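Text of structure-v5.cif, listed as mmCIF, N, CA and C atoms:
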data_run
#
loop_
_atom_site.label_atom_id
_atom_site.label_comp_id
_atom_site.auth_asym_id
_atom_site.auth_seq_id
_atom_site.Cartn_x
_atom_site.Cartn_y
_atom_site.Cartn_z
N MET K 16 69.82 75.13 114.83
CA MET K 16 68.96 76.28 114.75
C MET K 16 68.94 76.74 113.30
N LEU K 17 67.78 76.95 112.76
CA LEU K 17 67.63 77.40 111.39
C LEU K 17 67.16 78.85 111.40
N LEU K 18 67.90 79.70 110.69
CA LEU K 18 67.54 81.10 110.58
C LEU K 18 67.09 81.39 109.17
N GLY K 19 66.24 82.39 109.00
CA GLY K 19 65.87 82.83 107.68
C GLY K 19 64.55 82.26 107.23
N HIS K 20 64.39 82.19 105.91
CA HIS K 20 63.11 81.79 105.34
C HIS K 20 63.17 80.42 104.69
N SER K 21 64.21 79.68 104.95
CA SER K 21 64.34 78.36 104.34
C SER K 21 63.11 77.51 104.64
N HIS K 22 62.63 77.54 105.86
CA HIS K 22 61.50 76.71 106.24
C HIS K 22 60.24 77.11 105.47
N ALA K 23 60.10 78.40 105.22
CA ALA K 23 58.92 78.87 104.50
C ALA K 23 58.94 78.45 103.03
N TYR K 24 60.12 78.47 102.42
CA TYR K 24 60.21 78.18 100.99
C TYR K 24 60.59 76.73 100.70
N CYS K 25 61.33 76.11 101.58
CA CYS K 25 61.74 74.71 101.43
C CYS K 25 61.52 74.04 102.78
N PRO K 26 60.33 73.52 103.02
CA PRO K 26 60.03 72.97 104.35
C PRO K 26 61.08 71.97 104.83
N VAL K 27 61.45 72.13 106.07
CA VAL K 27 62.43 71.25 106.71
C VAL K 27 61.65 70.32 107.63
N THR K 28 61.90 69.04 107.52
CA THR K 28 61.20 68.06 108.35
C THR K 28 61.89 67.99 109.71
N VAL K 29 61.16 68.39 110.74
CA VAL K 29 61.72 68.37 112.09
C VAL K 29 60.82 67.59 113.05
N THR K 30 59.87 66.85 112.51
CA THR K 30 58.94 66.08 113.33
C THR K 30 59.72 65.17 114.27
N GLY K 31 59.37 65.26 115.56
CA GLY K 31 60.02 64.39 116.55
C GLY K 31 61.39 64.86 116.99
N ARG K 32 61.85 65.99 116.47
CA ARG K 32 63.18 66.50 116.85
C ARG K 32 63.00 67.69 117.78
N GLY K 33 63.33 67.50 119.03
CA GLY K 33 63.23 68.58 119.99
C GLY K 33 64.44 69.49 119.99
N ASP K 34 65.46 69.11 119.22
CA ASP K 34 66.71 69.87 119.24
C ASP K 34 66.83 70.85 118.07
N VAL K 35 65.74 71.08 117.34
CA VAL K 35 65.76 71.99 116.20
C VAL K 35 64.83 73.16 116.48
N THR K 36 65.35 74.35 116.32
CA THR K 36 64.57 75.57 116.48
C THR K 36 64.61 76.34 115.18
N ILE K 37 63.47 76.80 114.73
CA ILE K 37 63.40 77.58 113.49
C ILE K 37 63.04 79.02 113.86
N LEU K 38 63.87 79.94 113.46
CA LEU K 38 63.65 81.36 113.72
C LEU K 38 63.56 82.11 112.40
N GLN K 39 62.60 83.00 112.31
CA GLN K 39 62.44 83.80 111.09
C GLN K 39 62.25 85.25 111.47
N ASP K 40 62.61 86.12 110.54
CA ASP K 40 62.38 87.55 110.67
C ASP K 40 62.93 88.14 111.96
N LEU K 41 64.17 87.78 112.28
CA LEU K 41 64.82 88.36 113.45
C LEU K 41 65.17 89.81 113.17
N ASP K 42 65.17 90.61 114.21
CA ASP K 42 65.61 91.98 114.09
C ASP K 42 67.10 91.96 113.75
N GLU K 43 67.51 92.80 112.84
CA GLU K 43 68.92 92.78 112.40
C GLU K 43 69.88 93.07 113.54
N ASP K 44 69.44 93.77 114.58
CA ASP K 44 70.31 94.03 115.73
C ASP K 44 70.59 92.76 116.53
N ASP K 45 69.71 91.75 116.40
CA ASP K 45 69.88 90.50 117.13
C ASP K 45 70.78 89.50 116.39
N LEU K 46 70.96 89.70 115.10
CA LEU K 46 71.69 88.72 114.30
C LEU K 46 73.14 88.49 114.75
N PRO K 47 73.92 89.53 115.04
CA PRO K 47 75.31 89.25 115.45
C PRO K 47 75.41 88.31 116.64
N SER K 48 74.51 88.43 117.61
CA SER K 48 74.54 87.54 118.77
C SER K 48 74.27 86.10 118.37
N PHE K 49 73.32 85.90 117.47
CA PHE K 49 73.03 84.55 116.99
C PHE K 49 74.21 83.97 116.22
N TYR K 50 74.80 84.78 115.35
CA TYR K 50 75.97 84.30 114.61
C TYR K 50 77.09 83.92 115.57
N ARG K 51 77.41 84.79 116.51
CA ARG K 51 78.54 84.54 117.42
C ARG K 51 78.31 83.33 118.32
N ALA K 52 77.05 82.97 118.57
CA ALA K 52 76.74 81.81 119.41
C ALA K 52 76.87 80.50 118.64
N ALA K 53 77.01 80.58 117.33
CA ALA K 53 77.06 79.37 116.50
C ALA K 53 78.48 78.84 116.36
N ASP K 54 78.59 77.54 116.19
CA ASP K 54 79.88 76.92 115.87
C ASP K 54 80.21 77.12 114.39
N HIS K 55 79.18 77.06 113.56
CA HIS K 55 79.33 77.19 112.10
C HIS K 55 78.07 77.82 111.53
N LEU K 56 78.21 78.40 110.37
CA LEU K 56 77.05 78.70 109.54
C LEU K 56 77.13 77.67 108.41
N LEU K 57 76.10 76.88 108.28
CA LEU K 57 76.07 75.85 107.24
C LEU K 57 75.17 76.32 106.12
N CYS K 58 75.75 76.45 104.96
CA CYS K 58 74.99 76.85 103.78
C CYS K 58 74.85 75.62 102.89
N THR K 59 73.61 75.28 102.57
CA THR K 59 73.35 74.15 101.68
C THR K 59 72.74 74.63 100.37
N SER K 60 72.79 75.93 100.14
CA SER K 60 72.20 76.50 98.93
C SER K 60 72.87 75.98 97.67
N ARG K 61 72.09 75.90 96.65
CA ARG K 61 72.65 75.57 95.33
C ARG K 61 72.97 76.85 94.58
N TRP K 62 72.37 77.97 95.03
CA TRP K 62 72.58 79.25 94.38
C TRP K 62 72.45 80.36 95.41
N GLU K 63 73.33 81.32 95.38
CA GLU K 63 73.27 82.51 96.23
C GLU K 63 73.64 83.70 95.36
N GLY K 64 72.81 84.73 95.36
CA GLY K 64 73.14 85.92 94.59
C GLY K 64 74.36 86.62 95.14
N PHE K 65 74.43 86.79 96.44
CA PHE K 65 75.60 87.36 97.08
C PHE K 65 76.02 86.55 98.29
N GLY K 66 75.09 86.19 99.11
CA GLY K 66 75.44 85.44 100.32
C GLY K 66 75.64 86.35 101.52
N LEU K 67 74.71 87.28 101.72
CA LEU K 67 74.84 88.25 102.81
C LEU K 67 74.95 87.56 104.17
N ALA K 68 74.11 86.55 104.43
CA ALA K 68 74.19 85.85 105.72
C ALA K 68 75.55 85.20 105.90
N ILE K 69 76.13 84.69 104.83
CA ILE K 69 77.46 84.09 104.89
C ILE K 69 78.48 85.14 105.28
N ALA K 70 78.46 86.29 104.60
CA ALA K 70 79.41 87.37 104.90
C ALA K 70 79.20 87.89 106.32
N GLU K 71 77.94 88.00 106.76
CA GLU K 71 77.67 88.49 108.11
C GLU K 71 78.24 87.52 109.15
N ALA K 72 78.02 86.23 108.95
CA ALA K 72 78.54 85.25 109.90
C ALA K 72 80.07 85.31 109.95
N MET K 73 80.69 85.37 108.80
CA MET K 73 82.15 85.44 108.76
C MET K 73 82.67 86.72 109.42
N ALA K 74 81.96 87.83 109.24
CA ALA K 74 82.35 89.09 109.87
C ALA K 74 82.25 88.98 111.40
N CYS K 75 81.39 88.07 111.88
CA CYS K 75 81.26 87.84 113.32
C CYS K 75 82.22 86.77 113.81
N GLY K 76 83.10 86.28 112.94
CA GLY K 76 84.09 85.29 113.33
C GLY K 76 83.61 83.85 113.30
N VAL K 77 82.51 83.60 112.60
CA VAL K 77 81.94 82.25 112.53
C VAL K 77 82.32 81.62 111.19
N PRO K 78 82.92 80.42 111.19
CA PRO K 78 83.24 79.78 109.92
C PRO K 78 81.98 79.38 109.17
N ALA K 79 81.95 79.69 107.90
CA ALA K 79 80.81 79.34 107.04
C ALA K 79 81.20 78.14 106.19
N LEU K 80 80.48 77.05 106.36
CA LEU K 80 80.71 75.85 105.57
C LEU K 80 79.84 75.96 104.32
N LEU K 81 80.48 75.99 103.16
CA LEU K 81 79.79 76.27 101.91
C LEU K 81 80.06 75.19 100.88
N PRO K 82 79.08 74.89 100.02
CA PRO K 82 79.32 73.97 98.92
C PRO K 82 80.41 74.54 98.01
N ALA K 83 81.35 73.71 97.63
CA ALA K 83 82.47 74.17 96.80
C ALA K 83 82.01 74.70 95.45
N ASP K 84 80.85 74.21 94.95
CA ASP K 84 80.39 74.66 93.64
C ASP K 84 79.42 75.85 93.72
N LEU K 85 79.25 76.41 94.91
CA LEU K 85 78.44 77.62 95.07
C LEU K 85 79.25 78.79 94.52
N ALA K 86 78.72 79.47 93.51
CA ALA K 86 79.49 80.49 92.80
C ALA K 86 80.07 81.55 93.73
N THR K 87 79.31 82.03 94.67
CA THR K 87 79.80 83.08 95.55
C THR K 87 80.81 82.57 96.58
N ALA K 88 80.91 81.26 96.74
CA ALA K 88 81.80 80.68 97.75
C ALA K 88 83.25 81.08 97.53
N ARG K 89 83.71 81.08 96.30
CA ARG K 89 85.12 81.42 96.01
C ARG K 89 85.41 82.90 96.27
N GLU K 90 84.38 83.74 96.15
CA GLU K 90 84.57 85.15 96.49
C GLU K 90 84.66 85.34 97.99
N LEU K 91 83.80 84.64 98.73
CA LEU K 91 83.77 84.80 100.17
C LEU K 91 84.88 84.03 100.87
N VAL K 92 85.26 82.90 100.34
CA VAL K 92 86.32 82.06 100.94
C VAL K 92 87.33 81.73 99.85
N PRO K 93 88.14 82.72 99.43
CA PRO K 93 89.05 82.49 98.30
C PRO K 93 90.06 81.37 98.53
N GLY K 94 90.41 81.10 99.78
CA GLY K 94 91.35 80.02 100.06
C GLY K 94 90.69 78.65 100.10
N GLY K 95 89.38 78.61 100.13
CA GLY K 95 88.64 77.35 100.10
C GLY K 95 88.67 76.57 101.40
N GLU K 96 89.12 77.18 102.50
CA GLU K 96 89.29 76.47 103.76
C GLU K 96 88.02 75.79 104.26
N THR K 97 86.88 76.38 104.04
CA THR K 97 85.64 75.85 104.61
C THR K 97 84.64 75.43 103.53
N LEU K 98 85.15 75.07 102.37
CA LEU K 98 84.28 74.61 101.29
C LEU K 98 84.24 73.08 101.28
N TYR K 99 83.05 72.53 101.07
CA TYR K 99 82.92 71.07 101.03
C TYR K 99 82.44 70.64 99.64
N ARG K 100 82.93 69.48 99.19
CA ARG K 100 82.58 68.95 97.86
C ARG K 100 81.40 68.01 97.89
N ASP K 101 81.21 67.31 99.01
CA ASP K 101 80.13 66.33 99.09
C ASP K 101 79.73 66.13 100.56
N THR K 102 78.71 65.33 100.77
CA THR K 102 78.20 65.11 102.11
C THR K 102 79.24 64.49 103.03
N ALA K 103 80.02 63.55 102.51
CA ALA K 103 81.03 62.88 103.33
C ALA K 103 82.06 63.90 103.84
N GLN K 104 82.49 64.80 102.99
CA GLN K 104 83.46 65.81 103.42
C GLN K 104 82.82 66.76 104.44
N LEU K 105 81.57 67.13 104.24
CA LEU K 105 80.88 67.99 105.19
C LEU K 105 80.78 67.30 106.55
N VAL K 106 80.38 66.05 106.58
CA VAL K 106 80.27 65.31 107.83
C VAL K 106 81.62 65.25 108.52
N SER K 107 82.67 65.03 107.77
CA SER K 107 84.02 65.00 108.32
C SER K 107 84.40 66.35 108.92
N MET K 108 84.06 67.42 108.22
CA MET K 108 84.37 68.76 108.72
C MET K 108 83.62 69.04 110.02
N LEU K 109 82.35 68.63 110.08
CA LEU K 109 81.54 68.87 111.28
C LEU K 109 81.99 68.00 112.45
N ALA K 110 82.50 66.80 112.17
CA ALA K 110 82.93 65.88 113.22
C ALA K 110 84.32 66.22 113.74
N GLY K 111 85.10 66.92 112.94
CA GLY K 111 86.47 67.25 113.31
C GLY K 111 86.53 68.46 114.24
N PRO K 112 87.74 68.90 114.51
CA PRO K 112 87.89 70.08 115.35
C PRO K 112 87.24 71.30 114.70
N CYS K 113 86.74 72.20 115.52
CA CYS K 113 86.08 73.40 115.01
C CYS K 113 87.06 74.20 114.16
N LEU K 114 86.64 74.48 112.95
CA LEU K 114 87.50 75.22 112.03
C LEU K 114 87.52 76.70 112.38
N PRO K 115 88.68 77.33 112.27
CA PRO K 115 88.69 78.78 112.48
C PRO K 115 88.01 79.47 111.29
N ALA K 116 87.39 80.58 111.56
CA ALA K 116 86.74 81.32 110.48
C ALA K 116 87.81 82.03 109.66
N PRO K 117 87.82 81.79 108.35
CA PRO K 117 88.76 82.57 107.54
C PRO K 117 88.32 84.03 107.57
N PRO K 118 89.26 84.94 107.53
CA PRO K 118 88.86 86.35 107.57
C PRO K 118 88.05 86.71 106.33
N LEU K 119 87.09 87.58 106.52
CA LEU K 119 86.31 88.08 105.41
C LEU K 119 87.24 88.94 104.55
N HIS K 120 87.26 88.70 103.27
CA HIS K 120 88.16 89.40 102.37
C HIS K 120 87.98 90.91 102.49
N GLU K 121 89.07 91.65 102.34
CA GLU K 121 89.04 93.10 102.52
C GLU K 121 88.08 93.82 101.58
N THR K 122 87.71 93.20 100.48
CA THR K 122 86.76 93.86 99.57
C THR K 122 85.37 93.96 100.18
N PHE K 123 85.13 93.26 101.31
CA PHE K 123 83.83 93.30 101.96
C PHE K 123 83.83 94.22 103.17
N ASP K 124 84.75 95.17 103.22
CA ASP K 124 84.83 96.14 104.31
C ASP K 124 83.94 97.34 103.98
N TRP K 125 83.00 97.66 104.89
CA TRP K 125 82.05 98.75 104.62
C TRP K 125 82.74 100.08 104.38
N ASP K 126 83.71 100.43 105.25
CA ASP K 126 84.39 101.72 105.09
C ASP K 126 85.10 101.80 103.75
N ARG K 127 85.76 100.74 103.37
CA ARG K 127 86.46 100.72 102.08
C ARG K 127 85.47 100.85 100.93
N ASN K 128 84.34 100.14 101.01
CA ASN K 128 83.34 100.22 99.94
C ASN K 128 82.70 101.60 99.85
N VAL K 129 82.43 102.21 101.00
CA VAL K 129 81.86 103.57 100.98
C VAL K 129 82.85 104.53 100.34
N ALA K 130 84.12 104.47 100.75
CA ALA K 130 85.13 105.37 100.20
C ALA K 130 85.29 105.17 98.69
N THR K 131 85.29 103.93 98.24
CA THR K 131 85.42 103.63 96.82
C THR K 131 84.21 104.15 96.05
N THR K 132 83.01 103.93 96.58
CA THR K 132 81.80 104.40 95.91
C THR K 132 81.78 105.92 95.81
N LEU K 133 82.12 106.59 96.90
CA LEU K 133 82.16 108.06 96.87
C LEU K 133 83.22 108.55 95.88
N GLY K 134 84.34 107.84 95.80
CA GLY K 134 85.37 108.21 94.83
C GLY K 134 84.88 108.10 93.40
N VAL K 135 84.12 107.04 93.10
CA VAL K 135 83.57 106.86 91.76
C VAL K 135 82.59 107.99 91.44
N TYR K 136 81.70 108.28 92.39
CA TYR K 136 80.75 109.38 92.16
C TYR K 136 81.48 110.71 91.99
N GLY K 137 82.49 110.94 92.80
CA GLY K 137 83.26 112.18 92.69
C GLY K 137 83.93 112.30 91.33
N ALA K 138 84.51 111.20 90.86
CA ALA K 138 85.15 111.20 89.54
C ALA K 138 84.13 111.44 88.44
N MET K 139 82.96 110.87 88.58
CA MET K 139 81.91 111.08 87.58
C MET K 139 81.47 112.54 87.55
N LEU K 140 81.29 113.13 88.71
CA LEU K 140 80.88 114.53 88.78
C LEU K 140 81.97 115.45 88.25
N THR K 141 83.21 115.16 88.60
CA THR K 141 84.33 115.97 88.11
C THR K 141 84.46 115.84 86.61
N GLY K 142 84.34 114.64 86.08
CA GLY K 142 84.43 114.41 84.64
C GLY K 142 83.31 115.11 83.90
N ARG K 143 82.13 115.11 84.49
CA ARG K 143 81.00 115.76 83.86
C ARG K 143 81.20 117.27 83.82
N ALA K 144 81.74 117.84 84.90
CA ALA K 144 81.94 119.28 84.94
C ALA K 144 82.99 119.72 83.92
N HIS K 145 83.97 118.86 83.64
CA HIS K 145 85.03 119.23 82.71
C HIS K 145 84.73 118.85 81.26
N SER K 146 83.64 118.14 81.02
CA SER K 146 83.37 117.71 79.64
C SER K 146 82.29 118.54 78.96
N GLY K 147 81.90 119.66 79.57
CA GLY K 147 80.90 120.52 78.97
C GLY K 147 79.50 119.96 79.06
N CYS K 148 79.23 119.12 80.04
CA CYS K 148 77.92 118.48 80.14
C CYS K 148 77.03 119.20 81.15
N GLU K 149 77.38 120.39 81.59
CA GLU K 149 76.54 121.06 82.57
C GLU K 149 75.21 121.46 81.95
N GLY K 150 74.21 121.59 82.79
CA GLY K 150 72.91 122.06 82.34
C GLY K 150 72.16 121.05 81.49
N GLY K 151 72.52 119.78 81.59
CA GLY K 151 71.80 118.76 80.86
C GLY K 151 72.19 118.66 79.39
N GLN K 152 73.18 119.45 78.93
CA GLN K 152 73.62 119.37 77.55
C GLN K 152 74.66 118.28 77.40
N ARG K 153 74.66 117.62 76.26
CA ARG K 153 75.64 116.57 76.00
C ARG K 153 76.48 116.92 74.82
#
Mind turning this structure into structure tokens?
Amino acid sequence: MLLGHSHAYCPVTVTGRGDVTILQDLDEDDLPSFYRAADHLLCTSRWEGFGLAIAEAMACGVPALLPADLATARELVPGGETLYRDTAQLVSMLAGPCLPAPPLHETFDWDRNVATTLGVYGAMLTGRAHSGCEGGQR
């Protein structure tokens, strides 16, 4: 099953394959069910700005198989458990026992990120009030 816009931007040849389904523009409320139904999330990207789908799948307990040279891969899978170097290693990973999903690193916790962001804003506002910058003066 292919999710996202890959088919629109990089056409996938599925002629004669009845076992491939392409889904696009799913409602975000439906995504966790699709992730949880998967054995793996396979990323074949050469570049990812952040990798939101990867993080979402991992948050749902689905192992994400990522190219080892994908820059965001080391942030999302710091232990490298589900990173592959080449096609042969990927095929081996897919043929072997289902890999457990490594936990999503704690830096990707929404509550923690909200608290940290609010703390930064609070510190900025407090610093501004104490530095004589009120009223738009610098």
Excluding Gly64 (chain K) and any residue of its chain fewer than 2 positions from it, enumerate the residues within 8 Å of it, using only N, CA and C atoms, and give them as a ChimeraX atom specification. /K:61-62,66-67,86-87
So that I can see what lies close to Leu91 (chain K), please list as a PyMOL selection string the residues with an atom at most 12 Å from it, counting only C-alpha atoms and leaving out residues fewer than 3 positions away in the same chain. chain K and resi 63+65-74+78-83+85-88+94-98+116-123
May I ask for the distance between atom C of Arg100 (chain K) and atom N of Cys113 (chain K), given in Å to one decimal place? 18.9 Å
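The nearest approach to Arg51 (chain K) among the residues K:Ser107, K:Cys75, K:Gly31, K:Gly137, with all atoms listed in the file taken into account, belongs to K:Cys75.
What separates atom N of His55 (chain K) from CA of Leu114 (chain K) is a distance of 8.7 Å.
We find atom C of Ser60 (chain K) and atom N of Thr102 (chain K) to be spaced 12.5 Å apart.
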Box in all listed atoms of region 45-51 of chain K, axis-aligned, with 4 Å more on each side; write out centre and edge lengths in Å to one decimal as AutoDock Vina command-line options.
--center_x 74.1 --center_y 87.5 --center_z 116.5 --size_x 16.8 --size_y 16.4 --size_z 12.5
